[in-house]
Structures are given as structure tokens and as C-alpha cells.
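Heads up, protein38.txt below (compact mmCIF, C-alpha atoms):
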# COMPACT_ATOMS: atom_id res chain seq x y z
CA MET F 265 -46.95 58.25 -70.37
CA ALA F 266 -48.20 57.32 -66.89
CA GLU F 267 -50.60 59.71 -65.20
CA GLN F 268 -48.54 61.91 -62.92
CA ASP F 269 -49.00 62.05 -59.15
CA PRO F 270 -50.32 65.59 -58.43
CA SER F 271 -48.04 65.87 -55.37
CA ALA F 272 -44.91 64.91 -57.30
CA ALA F 273 -43.83 68.45 -58.15
CA ALA F 274 -43.82 69.53 -54.51
CA ARG F 275 -42.32 66.37 -53.00
CA PHE F 276 -39.97 65.03 -55.68
CA MET F 277 -37.20 63.09 -53.93
CA ASP F 278 -38.30 64.09 -50.43
CA LEU F 279 -36.75 61.02 -48.82
CA THR F 280 -38.99 61.23 -45.77
CA ASP F 281 -41.76 60.16 -48.17
CA PRO F 282 -41.68 56.32 -48.23
CA ARG F 283 -42.22 56.23 -52.00
CA TYR F 284 -39.26 58.44 -52.83
CA ALA F 285 -37.03 56.75 -50.25
CA TYR F 286 -37.75 53.47 -52.06
CA VAL F 287 -37.17 54.99 -55.51
CA PHE F 288 -33.89 56.53 -54.38
CA GLY F 289 -32.62 53.27 -52.85
CA PHE F 290 -33.48 51.38 -56.04
CA LEU F 291 -31.84 53.98 -58.28
CA GLN F 292 -28.77 54.20 -56.09
CA ALA F 293 -28.24 50.45 -56.30
CA ASP F 294 -29.27 49.75 -59.90
CA GLY F 295 -29.65 53.04 -61.76
CA HIS F 296 -27.04 54.94 -63.76
CA LEU F 297 -26.41 58.69 -63.83
CA SER F 298 -24.39 59.92 -66.81
CA GLN F 299 -23.26 63.36 -67.93
CA GLN F 300 -22.05 64.85 -71.19
CA SER F 301 -20.91 68.23 -72.48
CA ARG F 302 -23.07 71.36 -72.17
CA GLN F 303 -24.67 70.08 -68.94
CA ARG F 304 -26.46 67.24 -70.70
CA GLY F 305 -26.95 63.87 -69.10
CA CYS F 306 -29.39 61.11 -68.18
CA LEU F 307 -30.65 59.17 -65.20
CA ALA F 308 -31.56 55.69 -66.45
CA LEU F 309 -32.80 52.43 -65.01
CA GLU F 310 -33.04 49.23 -67.06
CA LEU F 311 -35.05 46.26 -65.78
CA ASN F 312 -36.46 43.05 -67.12
CA ALA F 313 -39.62 43.92 -69.06
CA ARG F 314 -41.69 41.89 -66.58
CA ASP F 315 -41.02 44.69 -64.06
CA ILE F 316 -42.16 47.52 -66.35
CA ASP F 317 -45.01 48.43 -63.97
CA LEU F 318 -42.45 49.59 -61.43
CA LEU F 319 -40.84 51.87 -64.02
CA ARG F 320 -44.26 53.31 -64.79
CA GLU F 321 -44.66 54.10 -61.09
CA PHE F 322 -41.25 55.84 -61.10
CA GLN F 323 -42.46 57.85 -64.10
CA ARG F 324 -45.72 58.74 -62.32
CA LEU F 325 -43.80 60.02 -59.29
CA THR F 326 -41.48 62.21 -61.38
CA PRO F 327 -42.66 65.79 -62.10
CA HIS F 328 -40.45 66.01 -65.21
CA ASN F 329 -40.81 64.47 -68.64
CA SER F 330 -39.35 60.96 -68.79
CA SER F 331 -39.68 58.01 -71.14
CA ILE F 332 -39.90 54.24 -71.01
CA THR F 333 -38.58 52.22 -73.93
CA GLU F 334 -38.33 48.49 -74.54
CA ARG F 335 -35.81 46.42 -76.45
CA ASN F 336 -34.83 42.85 -77.21
CA ARG F 337 -31.18 41.84 -77.37
CA ALA F 338 -28.74 39.04 -76.69
CA THR F 339 -26.65 39.24 -73.51
CA ASN F 340 -23.88 37.27 -71.79
CA PHE F 341 -26.56 35.60 -69.70
CA ALA F 342 -29.30 34.83 -72.25
CA PRO F 343 -29.60 34.58 -76.04
CA ALA F 344 -32.74 36.75 -75.90
CA SER F 345 -33.40 39.43 -73.30
CA HIS F 346 -36.48 41.68 -73.20
CA THR F 347 -35.83 44.77 -71.10
CA ALA F 348 -37.46 48.11 -70.35
CA THR F 349 -35.56 51.33 -69.61
CA TRP F 350 -36.82 54.43 -67.81
CA SER F 351 -34.87 57.56 -68.84
CA LEU F 352 -34.94 61.01 -67.23
CA TYR F 353 -32.94 63.83 -68.83
CA ASN F 354 -34.07 66.86 -66.85
CA ARG F 355 -31.06 68.75 -65.47
CA GLU F 356 -32.81 69.85 -62.26
CA ALA F 357 -33.87 66.30 -61.43
CA ARG F 358 -30.37 64.98 -62.13
CA ALA F 359 -28.88 67.62 -59.84
CA ILE F 360 -31.22 66.62 -57.02
CA VAL F 361 -30.41 62.89 -57.11
CA ASN F 362 -26.71 63.65 -57.52
CA HIS F 363 -26.78 65.88 -54.44
CA LEU F 364 -28.59 63.19 -52.45
CA GLY F 365 -25.93 60.58 -53.20
CA ILE F 366 -26.05 59.11 -56.71
CA PRO F 367 -22.70 59.96 -58.32
CA TYR F 368 -22.11 60.28 -62.03
CA GLY F 369 -20.55 57.25 -63.69
CA ARG F 370 -19.42 54.11 -61.87
CA LYS F 371 -20.74 54.07 -58.32
CA SER F 372 -20.98 50.54 -56.94
CA LYS F 373 -18.30 51.01 -54.24
CA THR F 374 -18.97 54.65 -53.36
CA ILE F 375 -22.71 54.82 -52.73
CA ALA F 376 -23.86 55.26 -49.13
CA PRO F 377 -27.10 55.88 -47.24
CA PRO F 378 -28.37 59.48 -47.56
CA ARG F 379 -27.13 62.11 -45.16
CA VAL F 380 -30.56 63.71 -44.92
CA ASP F 381 -33.62 62.40 -43.07
CA PHE F 382 -35.07 59.44 -44.93
CA SER F 383 -37.57 56.60 -44.51
CA ARG F 384 -35.17 53.84 -43.60
CA ARG F 385 -37.09 50.65 -44.22
CA ASP F 386 -38.37 51.93 -47.57
CA TYR F 387 -34.87 52.93 -48.64
CA ILE F 388 -33.51 49.51 -47.68
CA ARG F 389 -36.36 47.76 -49.49
CA GLY F 390 -35.41 49.70 -52.62
CA VAL F 391 -31.81 48.52 -52.32
CA ILE F 392 -32.93 44.92 -51.72
CA ASP F 393 -35.32 44.98 -54.68
CA ALA F 394 -32.50 46.25 -56.90
CA ASP F 395 -29.55 44.15 -55.71
CA GLY F 396 -30.96 41.53 -53.36
CA SER F 397 -33.04 38.39 -53.26
CA VAL F 398 -36.06 37.28 -51.24
CA GLY F 399 -37.50 33.78 -51.24
CA TYR F 400 -36.72 30.18 -50.34
CA THR F 401 -33.57 28.09 -50.62
CA GLY F 402 -33.55 24.81 -52.53
CA LYS F 403 -34.27 23.05 -49.22
CA GLY F 404 -37.30 25.23 -48.53
CA PHE F 405 -35.83 27.61 -45.97
CA PRO F 406 -36.71 31.35 -46.17
CA PHE F 407 -33.90 33.78 -46.92
CA LEU F 408 -33.24 37.45 -47.64
CA SER F 409 -29.90 38.52 -49.10
CA LEU F 410 -28.06 41.50 -50.54
CA THR F 411 -25.06 41.58 -52.85
CA THR F 412 -23.27 44.93 -52.86
CA ALA F 413 -19.82 46.35 -53.52
CA SER F 414 -20.45 49.27 -51.15
CA THR F 415 -19.05 48.96 -47.63
CA ALA F 416 -21.37 51.71 -46.39
CA ILE F 417 -24.51 50.04 -47.76
CA GLY F 418 -23.50 46.60 -46.48
CA ALA F 419 -22.69 47.91 -43.02
CA TYR F 420 -25.93 49.89 -42.87
CA LEU F 421 -28.05 46.85 -43.71
CA CYS F 422 -26.29 44.83 -40.99
CA HIS F 423 -26.83 47.62 -38.46
CA TYR F 424 -30.50 48.05 -39.38
CA ALA F 425 -31.26 44.32 -39.52
CA LYS F 426 -29.72 43.79 -36.08
CA LYS F 427 -32.06 46.41 -34.62
CA VAL F 428 -35.06 44.71 -36.26
CA THR F 429 -34.21 41.03 -35.76
CA GLY F 430 -31.32 40.85 -33.29
CA ALA F 431 -29.30 38.86 -35.86
CA GLU F 432 -25.72 40.06 -36.13
CA ARG F 433 -23.66 39.90 -39.32
CA THR F 434 -20.04 40.84 -39.99
CA ILE F 435 -19.41 41.90 -43.58
CA LYS F 436 -16.40 40.69 -45.54
CA ARG F 437 -15.67 40.95 -49.25
CA ASN F 438 -15.57 37.59 -50.99
CA ALA F 439 -12.31 36.59 -52.62
CA ARG F 440 -13.78 35.89 -56.08
CA ASP F 441 -15.19 39.27 -57.08
CA GLY F 442 -14.66 41.55 -54.07
CA VAL F 443 -18.32 42.11 -53.16
CA TYR F 444 -20.25 41.59 -49.95
CA ASN F 445 -22.82 38.80 -49.79
CA ILE F 446 -25.05 39.41 -46.77
CA LEU F 447 -27.49 36.64 -45.95
CA TYR F 448 -30.33 36.19 -43.46
CA THR F 449 -32.16 32.88 -43.19
CA ASN F 450 -35.05 31.33 -41.27
CA GLU F 451 -36.57 33.47 -38.46
CA PRO F 452 -34.38 36.57 -39.04
CA ALA F 453 -35.22 36.45 -42.76
CA VAL F 454 -38.94 36.14 -42.05
CA GLU F 455 -38.87 38.95 -39.50
CA LEU F 456 -36.84 41.29 -41.73
CA ALA F 457 -38.92 40.58 -44.84
CA SER F 458 -42.16 41.15 -42.91
CA HIS F 459 -40.81 44.47 -41.66
CA LEU F 460 -39.61 45.71 -45.05
CA TYR F 461 -42.47 44.50 -47.24
CA TYR F 462 -45.52 45.87 -45.47
CA GLU F 463 -49.02 46.15 -46.90
CA ASP F 464 -49.44 48.61 -49.81
CA CYS F 465 -45.73 49.46 -49.94
CA LEU F 466 -44.08 50.31 -53.26
CA ALA F 467 -42.04 47.29 -54.31
CA LEU F 468 -41.32 44.77 -57.04
CA GLU F 469 -44.48 42.69 -56.93
CA ARG F 470 -42.67 39.36 -57.32
CA LYS F 471 -40.38 40.06 -54.35
CA LYS F 472 -43.26 41.42 -52.32
CA ALA F 473 -45.17 38.20 -53.01
CA SER F 474 -42.16 36.11 -51.94
CA ALA F 475 -41.84 38.10 -48.72
CA GLY F 476 -45.55 37.63 -48.05
CA SER F 477 -45.32 33.87 -48.47
CA MET F 478 -42.51 33.70 -45.91
CA ILE F 479 -44.79 34.82 -43.08
CA THR F 480 -46.40 31.37 -42.93
CA TRP F 481 -43.06 29.55 -42.53
CA ILE F 482 -42.68 27.53 -39.33
CA ARG F 483 -39.41 25.96 -38.24
CA PRO F 484 -39.57 22.14 -38.54
CA ALA F 485 -39.73 20.43 -35.14
CA ASN F 486 -36.54 18.44 -35.86
CA MET F 487 -34.55 21.47 -37.02
CA PRO F 488 -32.07 22.61 -34.32
CA ARG F 489 -31.54 26.29 -33.58
CA MET F 490 -28.06 27.75 -33.96
CA THR F 491 -26.61 29.23 -30.78
CA PRO F 492 -25.69 32.91 -31.33
CA ARG F 493 -21.94 33.42 -31.62
CA ARG F 494 -20.36 34.75 -28.44
CA ARG F 495 -17.94 37.52 -29.29
CA TRP F 496 -14.64 38.06 -27.49
CA THR F 497 -14.45 41.12 -25.26
CA LEU F 498 -11.38 43.21 -24.49
CA ALA F 499 -11.35 41.91 -20.90
CA GLU F 500 -11.44 38.28 -22.13
CA ASP F 501 -8.60 38.91 -24.59
CA LEU F 502 -6.44 40.42 -21.83
CA LYS F 503 -7.25 37.54 -19.47
CA LEU F 504 -6.45 34.98 -22.17
CA LEU F 505 -3.08 36.56 -22.89
CA ASP F 506 -2.33 36.82 -19.18
CA ILE F 507 -3.07 33.11 -18.59
CA GLY F 508 -1.31 32.07 -21.78
CA ASP F 509 -2.67 28.50 -21.70
CA ALA F 510 -5.78 27.47 -23.66
CA ALA F 511 -6.87 24.70 -21.27
CA ALA F 512 -6.59 26.85 -18.15
CA ALA F 513 -8.18 29.84 -19.86
CA ALA F 514 -11.15 27.72 -20.97
CA VAL F 515 -12.00 26.96 -17.34
CA GLU F 516 -11.48 30.56 -16.26
CA LEU F 517 -13.48 32.13 -19.10
CA GLY F 518 -16.19 29.51 -19.51
CA ARG F 519 -15.23 28.83 -23.13
CA THR F 520 -14.08 25.76 -25.05
CA GLU F 521 -10.41 24.84 -25.08
CA SER F 522 -10.32 24.83 -28.89
CA GLY F 523 -11.90 28.29 -28.98
CA CYS F 524 -9.33 29.66 -26.53
CA ARG F 525 -6.47 28.05 -28.45
CA GLN F 526 -7.70 29.54 -31.72
CA ARG F 527 -8.17 33.00 -30.22
CA LEU F 528 -4.77 32.92 -28.51
CA THR F 529 -3.08 32.04 -31.79
CA ARG F 530 -4.85 34.86 -33.61
CA LEU F 531 -3.82 37.40 -30.98
CA ARG F 532 -0.19 36.26 -30.90
CA THR F 533 0.18 36.19 -34.69
CA GLY F 534 -1.55 39.51 -35.26
CA CYS F 535 -4.52 37.98 -37.13
CA GLY F 536 -6.96 39.37 -34.58
CA PRO F 537 -7.30 42.83 -32.98
CA TRP F 538 -4.60 43.35 -30.35
CA PRO F 539 -6.17 44.38 -27.05
CA ARG F 540 -5.29 47.83 -25.75
CA ASN F 541 -5.33 49.08 -22.17
Spell out the structure here as C-alpha cells.
Amino acid sequence: MAEQDPSAAARFMDLTDPRYAYVFGFLQADGHLSQQSRQRGCLALELNARDIDLLREFQRLTPHNSSITERNRATNFAPASHTATWSLYNREARAIVNHLGIPYGRKSKTIAPPRVDFSRRDYIRGVIDADGSVGYTGKGFPFLSLTTASTAIGAYLCHYAKKVTGAERTIKRNARDGVYNILYTNEPAVELASHLYYEDCLALERKKASAGSMITWIRPANMPRMTPRRRWTLAEDLKLLDIGDAAAAAVELGRTESGCRQRLTRLRTGCGPWPRN
């Protein structure tokens, strides 16, 4: 068993503590809380065995008895899989994480950021480490992404990342499996990764290393910058409907004719938000 942090008993799951905010985000995204009869149950987290050091840190930060076991098995993704599982059975500990926002049973769509004070960047890093990716695309461009079924988590990441980087994202479930795929690339990815993965933070070492390598990325001289998307305002929508002609509206609003035509069609067919006075 890992040597326990002497402050763990007093601060267990105090989400203003960066370590516990990270642990909670990771568990919320990738852990599982189960319950049985006679108030029995288990909080468990299974990871690839290469990440067992992180589980040992979770064990060290927990003031209750917990165990780490390893196993080899075949899965749908690999003929041989070596995993490690951290298990915590203590009823008091389970009650605390349940109260903070980890429900019993299936939870992918219902989890949300805590409603108590919490260390935000550490919580988000925990979620990213559990259900996200950090690194480089096949073409060598830096990226940071999150795949989640939770609307609340997806929206919170977009809100937080916009404050940090200025990059705006609109979440939408994909048609194939109904999850959100949120992606940041190039400068926003570098800026967000540098903010989340700071020196000496608790994190998956391989993702922390990837984030660290992104800091040295420089945009190629021949790589054009994308112009930020200009969103339609209520006043522009009303003006567009009042003019009723894409070509004339383009001159009046300083937009392209094709953009005005597309927006006008969406408003008239109900595919876009109808402006209200």
C-alpha cells in the first residue's frame, strides 16, 4: 500500500485543493460508483497498467483503506490487455464523492461540474486525462480534445477554454454515437495545455509530457491563420429579414452575399433561432 499523505484525513475531497479537484474530475469522467444491499458498494477506477503510478497517488491521498489489483484479459480492442484497478469500499468516502457529483451506476450523460468551490483548471485536467487527448496530429499540429456524453461538462470546457484562449466552440452531439467531440488545435491548444499542465501538477505523466512538448511549437511561416467566425447578432437578423434580399443585405451588413443568403434561408425555414423583439 502507498504511504498515506498525512493531510489526507483532514482534506479528503476538499475540491479547493488542486490534488483532490484533479482526482474528482478523473473519477467523475472515468471512475465507477456502485452500490449493493446493506449499504455496500465500491468506487473503482481501472486504467492501463502503465498508469498504475497515478492509482498509487490516488491511494496515497485517500485516508481510507483501498486496494490496487492488476489483471490480464482479452478485450474488444486488444487480444491481451494489462490493467490496474483502484478500489475503495469505505461507505463514508463513497457518500462524499456521491454528494459532490458522482452518481451511482451509469453516469456519462448526467455528470456536471461540482456545485461547491473547486480548483477549476485541476478539475478540468482530471477530466481531460480521463476522457481526452493531448498531443500532435498526424501532420504535426498540436491539439487538445475531449470526448464526453455530458452536456454540462462539454459546455463547461468550452466556457473555460474561451476565457483562457479566446477560442470559441459550439458543442453538438455527433450523429454516430451521440457524444460531443471538442477539439482545440494550434495556438489555442498550446495555450490551453500550458495552462492546465503546469509544473509539479498531478497528472498522467504521458499526457503531461505531451503538453510540455507543445510549448515549443511554432506556426509554420506558410501556414495561414483562420479568421474567427463572426456570429450573427439579433440586430443583424432583424435587418436581414427587413431587407429580405441577400445581395442588398450583404452591402448593408458588411457580409458576403452567400452568407446572407444562407442565414436568410435558415431564419425563414426555422433552422436558425427566430429573432425576437
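Using only C-alpha atoms, the protein and nucleic acid residues lying no more than 9 Å from Phe322 of chain F, apart from those fewer than 5 places from it along its own chain, are Tyr284, Val287, Asp317 and Trp350 of chain F.
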(Q) Can you tell me which residues surround Glu463 of chain F at a distance of at most 10 Å, considering all atoms listed in the file, apart from same-chain residues fewer than 3 positions away, and format the answer as a list in words? (A)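 The neighbour list is Ser458, His459, Leu460, Leu466, Lys472 and Gly476 of chain F.
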Give one line per residue of segment 402-452 of chain F that approaches segment 293-310 of chain F to at most 12 Å, naming the two atoms of the closest pair and their distance in Å to one decimal, counting all atoms listed in the file; sort by chain then ascending residue number and deliver it as a tab-separated table.
residue	atom	partner	partner_atom	distance
F:Leu410	CA	F:Ala293	CA	10.6
F:Thr411	CA	F:Ala293	CA	10.0
F:Thr412	CA	F:Ala293	CA	8.2
F:Ala413	CA	F:Ala293	CA	9.8
F:Ser414	CA	F:Ala293	CA	9.4
F:Ile417	CA	F:Ala293	CA	9.3
F:Gly418	CA	F:Ala293	CA	11.6
(Q) Using only C-alpha atoms for the distances, tell me which of F:Gly289, F:Gly430, F:Pro488, F:Gly534 is nearest to Arg389 of chain F. (A) F:Gly289
Q: Extract, using all atoms listed in the file, all DNA, RNA and protein residues at most 9 Å from Ser331 of chain F, discarding same-chain residues fewer than 5 positions from it, and format them as a count of residues only.
A: 6
Q: Write out as a list of chain:residue names the residues lying within 9 Å of segment 374-381 of chain F, counting only C-alpha atoms and excluding same-chain residues fewer than 2 positions away.
A: F:Asp278, F:Leu279, F:Thr280, F:Gly289, F:Gln292, F:Ala293, F:Leu364, F:Gly365, F:Ile366, F:Pro367, F:Arg370, F:Lys371, F:Ser372, F:Ser383, F:Arg384, F:Tyr387, F:Ala413, F:Ser414, F:Thr415, F:Ala416, F:Ile417, F:Tyr420
File dump, residues just selected, C-alpha atoms, as a short mmCIF file (atom, residue, chain, number, x, y, z; two decimals), in the frame of the given file:
data_model
loop_
_atom_site.label_atom_id
_atom_site.label_comp_id
_atom_site.auth_asym_id
_atom_site.auth_seq_id
_atom_site.Cartn_x
_atom_site.Cartn_y
_atom_site.Cartn_z
CA ASP F 278 -38.30 64.09 -50.43
CA LEU F 279 -36.75 61.02 -48.82
CA THR F 280 -38.99 61.23 -45.77
CA GLY F 289 -32.62 53.27 -52.85
CA GLN F 292 -28.77 54.20 -56.09
CA ALA F 293 -28.24 50.45 -56.30
CA LEU F 364 -28.59 63.19 -52.45
CA GLY F 365 -25.93 60.58 -53.20
CA ILE F 366 -26.05 59.11 -56.71
CA PRO F 367 -22.70 59.96 -58.32
CA ARG F 370 -19.42 54.11 -61.87
CA LYS F 371 -20.74 54.07 -58.32
CA SER F 372 -20.98 50.54 -56.94
CA SER F 383 -37.57 56.60 -44.51
CA ARG F 384 -35.17 53.84 -43.60
CA TYR F 387 -34.87 52.93 -48.64
CA ALA F 413 -19.82 46.35 -53.52
CA SER F 414 -20.45 49.27 -51.15
CA THR F 415 -19.05 48.96 -47.63
CA ALA F 416 -21.37 51.71 -46.39
CA ILE F 417 -24.51 50.04 -47.76
CA TYR F 420 -25.93 49.89 -42.87
#
(Q) My list of candidates is F:Asp441, F:Asp395, F:Glu500, F:Asp386. Which is closest to Tyr461 of chain F when distances are computed with all atoms listed in the file? (A)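 Answer, going by the shortest atom-to-atom distance: F:Asp386.
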**Q.** Long-range neighbours of Pro327 of chain F as a list in words, 8 Å cut-off, only C-alpha atoms, 4 positions minimum in chain
**A.** Gln268, Asp269, Ala272, Ala273 and Phe276 of chain F
Q: Give the answer as one residue: which of F:Gly442, F:Gly523, F:Gly390, F:Gly404 has the shortest atom-to-atom distance to Ala285 of chain F, using only C-alpha atoms?
A: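 Comparing F:Gly442, F:Gly523, F:Gly390, F:Gly404 against Ala285 of chain F, the winner is F:Gly390.
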(Q) Which residue is closest to Phe290 of chain F? Choose from F:Glu455, F:Asp509, F:Ile392, F:Ala274 and count all atoms listed in the file. (A)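 Nearest candidate to Phe290 of chain F out of F:Glu455, F:Asp509, F:Ile392, F:Ala274: F:Ile392.
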Q. Nearest to Gly518 of chain F: which of F:Arg530, F:His346, F:Arg494, F:Lys471 is it, counting all atoms listed in the file?
A. F:Arg494
Q.
Report, in Å to a single decimal, how far apart atom CA of Ser345 of chain F and atom CA of Ser474 of chain F are.
A.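 Spanning atom CA of Ser474 of chain F to atom CA of Ser345 of chain F is a straight-line distance of 23.3 Å.
Proximity of F:Leu531, F:Ala338, F:Leu311, F:Ala475 to Leu502 of chain F, computed with all atoms listed in the file, is greatest for F:Leu531.
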Q | Coordinates-based distance that separates atom CA of Gly369 of chain F from atom CA of Ala357 of chain F (Å, one decimal) | A |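 Between atom CA of Ala357 of chain F and atom CA of Gly369 of chain F the gap works out to 16.3 Å.
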Q: Calculate how many Å separate atom CA of Gly399 of chain F from atom CA of Ser477 of chain F, rounding to one decimal.
A: 8.3 Å
